[in-house]
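What follows is a set of notes on a single structure, which appears directly below.
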Amino acid sequence: MDGYAVRINKNFIEKIEKEERLLEQYPSDEKINANGQILMPGLICAHTHFYGVFSRGMAIHGEAPANFLEILKKLWWPLDQSLHEEDVYYSAMVCLIDAIKHGTTTVFDHHASPNFIDGSLDVIENAVRKSGLRASLCYEVTDRGGTEKADAGIRENLRMIQKLGGKNEDRMVTASFGLHAGVTLSDKTLEKCAEVIPEGHGFHIHVAEDKIDQKESEKRYDVNVVARLNQFKITGDNSIFVHGVHLSDDEIDTIHQTGTWLTHQPRSNMNNAVGMANVEKMVQRGIPICMGNDGFSFSMWDEWRTCYLAHKMWNQDPRRMGADQVVDIAAYNNARMATKFFNGKIGVIQEGALADLILVDYIPITSIHADNLPWHIIFGFRDSMVTMTMVNGKVLMRDRKLTEINEHEVCEGAQRSSAAVWERYKKQF
């Protein structure tokens with residue numbers, strides 16, 4: 001709205017009024033002049049992996065992976081086993097800087113470091129609080145390292161949930177209970193997790209990302225992935241299912257009936273060649289579909305564009321996945337999920353909402369209004385246009401310069417740390 005201004009009181013949006021009125025009422029307030037830029041809610045990433053950032057530029061051992069299971073065995077599992085405490089810190093910091101620079105203000109992380117489990121979420125929490133961003137944390141429980149490490153992962157989730165006291169009062173860091181995927185979790189471990197998770201909390205788990213998840217579930221347990229998870233009450237409106245590429249109609253119905261959230265990561269799905277979820281069908285069924293990046297860059301508008309294009313190509317139909325549908329998923333549903341998990345209004349510019357805001361230096365060459373804004377975002381917005389990032393009323397980037405973090409120091413530390421990670425990675429082959 002041209003001519004309007006927003007007043008921030010501590011960490012909330014207190015007033016939205018005509019600019020001259022607010023200037024008259026609060027003449028001594030610090031002012032940020034948008035200079036014609038667009039004020040928008042901060043972007044939200046509904047699923048990511050900080051720990052995977054050190055894969056950037058790393059040579060995968062041997063022949064290139066031919067399928068998803070080989071990608072796990074040749075890349076992600078040896079990489080996460082190579083992470084020590086310092087590596088966990090720097091991988092988180094690098095991603096948090098990337099998020100700030102691209103206007104992403106709230107993130108849902110899913111962590112794994114099998115040789116540094118105890119206290120790993122404290123290290124990530126530390127990085128998040130230093131960055132000033134808002135984040136949901138969890139540790140990925142899996143049986144691939146044996147019972148002892150699975151139990152350690154369970155304890156780490158519980159410890160962080162209890163430490164934060166449920167939905168944390170400052171609404172900056174909260175926790176879910178992380179699980180890897182049905183394919184690496186036994187019934188015994190799922191039962192343990194279901195028994196100990198505190199009331200009011202849910203799970204964050206990869207679901208049917210690849211056909212192998214379904215094949216193994218039906219082979220070992222004689223039931224599909226979602227039905228099996230539902231048996232252990234892993235579903236529910238406090239739980240986040242990730243991917244959902246290979247779901248039957250019955251599974252889609254179960255996700256809908258239980259109110260479970262599901263996140264879509266098209267860049268990752270394309271990169272792993274696992275297929276493309278039938279997102280439009282799930283939206284029509286009433287499933288709250290959100291959007292994450294699965295460890296790709298935090299340039300979330302790139303994820304939006306990929307979603308817009310990928311579904312057209314996958315379905316060979318230019319009518320599929322309109323820009324308005326993308327925005328419903330990536331902006332409005334992400335905002336709803338963040339609002340629920342942080343117990344505060346997030347992802348909107350409204351009085352009473354938490355002050356997570358960005359300025360976008362976009363000069364439209366055609367008229368711009370509410371009805372056509374989604375198409376302007378898809379075809380016109382670029383992440384380099386974000387000039388200011390504010391979280392919880394605090395400016396973390398002004399005029400494209402970080403205000404709280406020395407990026408060069410972090411990158412120097414990350415380079416040292418990643419070199420050691422790569423050496424440990426190579427020794428596993």
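Identifiers in this document derive from the order of the structure tokens: chains are assigned A, B, ..., residues are numbered from 1 separately in each chain, and ligands are numbered from 1 in order of occurrence.
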Might you pull out every residue within 12 Å of A:Glu216, with only C-alpha atoms counted and same-chain residues fewer than 3 positions away left off, and present them as a ChimeraX atom specification? /A:69,181-186,208,210-213,219-225,228
Please identify every residue of stretch 77-126 of chain A that has at least one atom no farther than 12 Å from an atom of stretch 301-308 of chain A, counting only C-alpha atoms, and for each give the shortest atom pair and the distance in Å to one decimal, arranged by chain then increasing number, as CSV.
```
residue,atom,partner,partner_atom,distance
A:Ala99,CA,A:Trp301,CA,11.7
A:His102,CA,A:Trp301,CA,8.8
A:Gly103,CA,A:Trp301,CA,9.7
A:Thr104,CA,A:Trp301,CA,9.8
```
Restricting it to C-alpha atoms, dump the selection as a short mmCIF file (atom, residue, chain, number, x, y, z; two decimals), in the first residue's frame.
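The new file selection_11.cif reads:
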```
data_model
loop_
_atom_site.label_atom_id
_atom_site.label_comp_id
_atom_site.auth_asym_id
_atom_site.auth_seq_id
_atom_site.Cartn_x
_atom_site.Cartn_y
_atom_site.Cartn_z
CA ALA A 99 19.21 -17.21 4.71
CA HIS A 102 18.18 -14.01 0.75
CA GLY A 103 15.45 -12.69 3.04
CA THR A 104 14.61 -16.06 4.63
#
```
Would you mind writing down, as a PyMOL selection string, each residue of stretch 136-201 of chain A that DSSP on the backbone assigns to strand (DSSP E)? chain A and resi 136-137+173-175+177-181
For A:Gly347, work out the shell of residues within 7 Å, counting only C-alpha atoms and skipping chain neighbours fewer than 6 positions away, then give it as a ChimeraX atom specification. /A:41-42,335
Go ahead and save the residues from that selection, with C-alpha atoms, as a PDB file, in the first residue's frame.
```pdb
ATOM      1  CA  PRO A  41       7.041 -10.645   5.146  1.00  0.00           C
ATOM      2  CA  GLY A  42      10.277 -12.576   5.550  1.00  0.00           C
ATOM      3  CA  ALA A 335       3.212 -18.776   7.303  1.00  0.00           C
TER       4      ALA A 335
END
```
Which residues come within 9 Å of A:Leu22, counting only C-alpha atoms, excluding same-chain residues fewer than 3 positions away, as a ChimeraX atom specification? /A:4-7,15-19,25-27
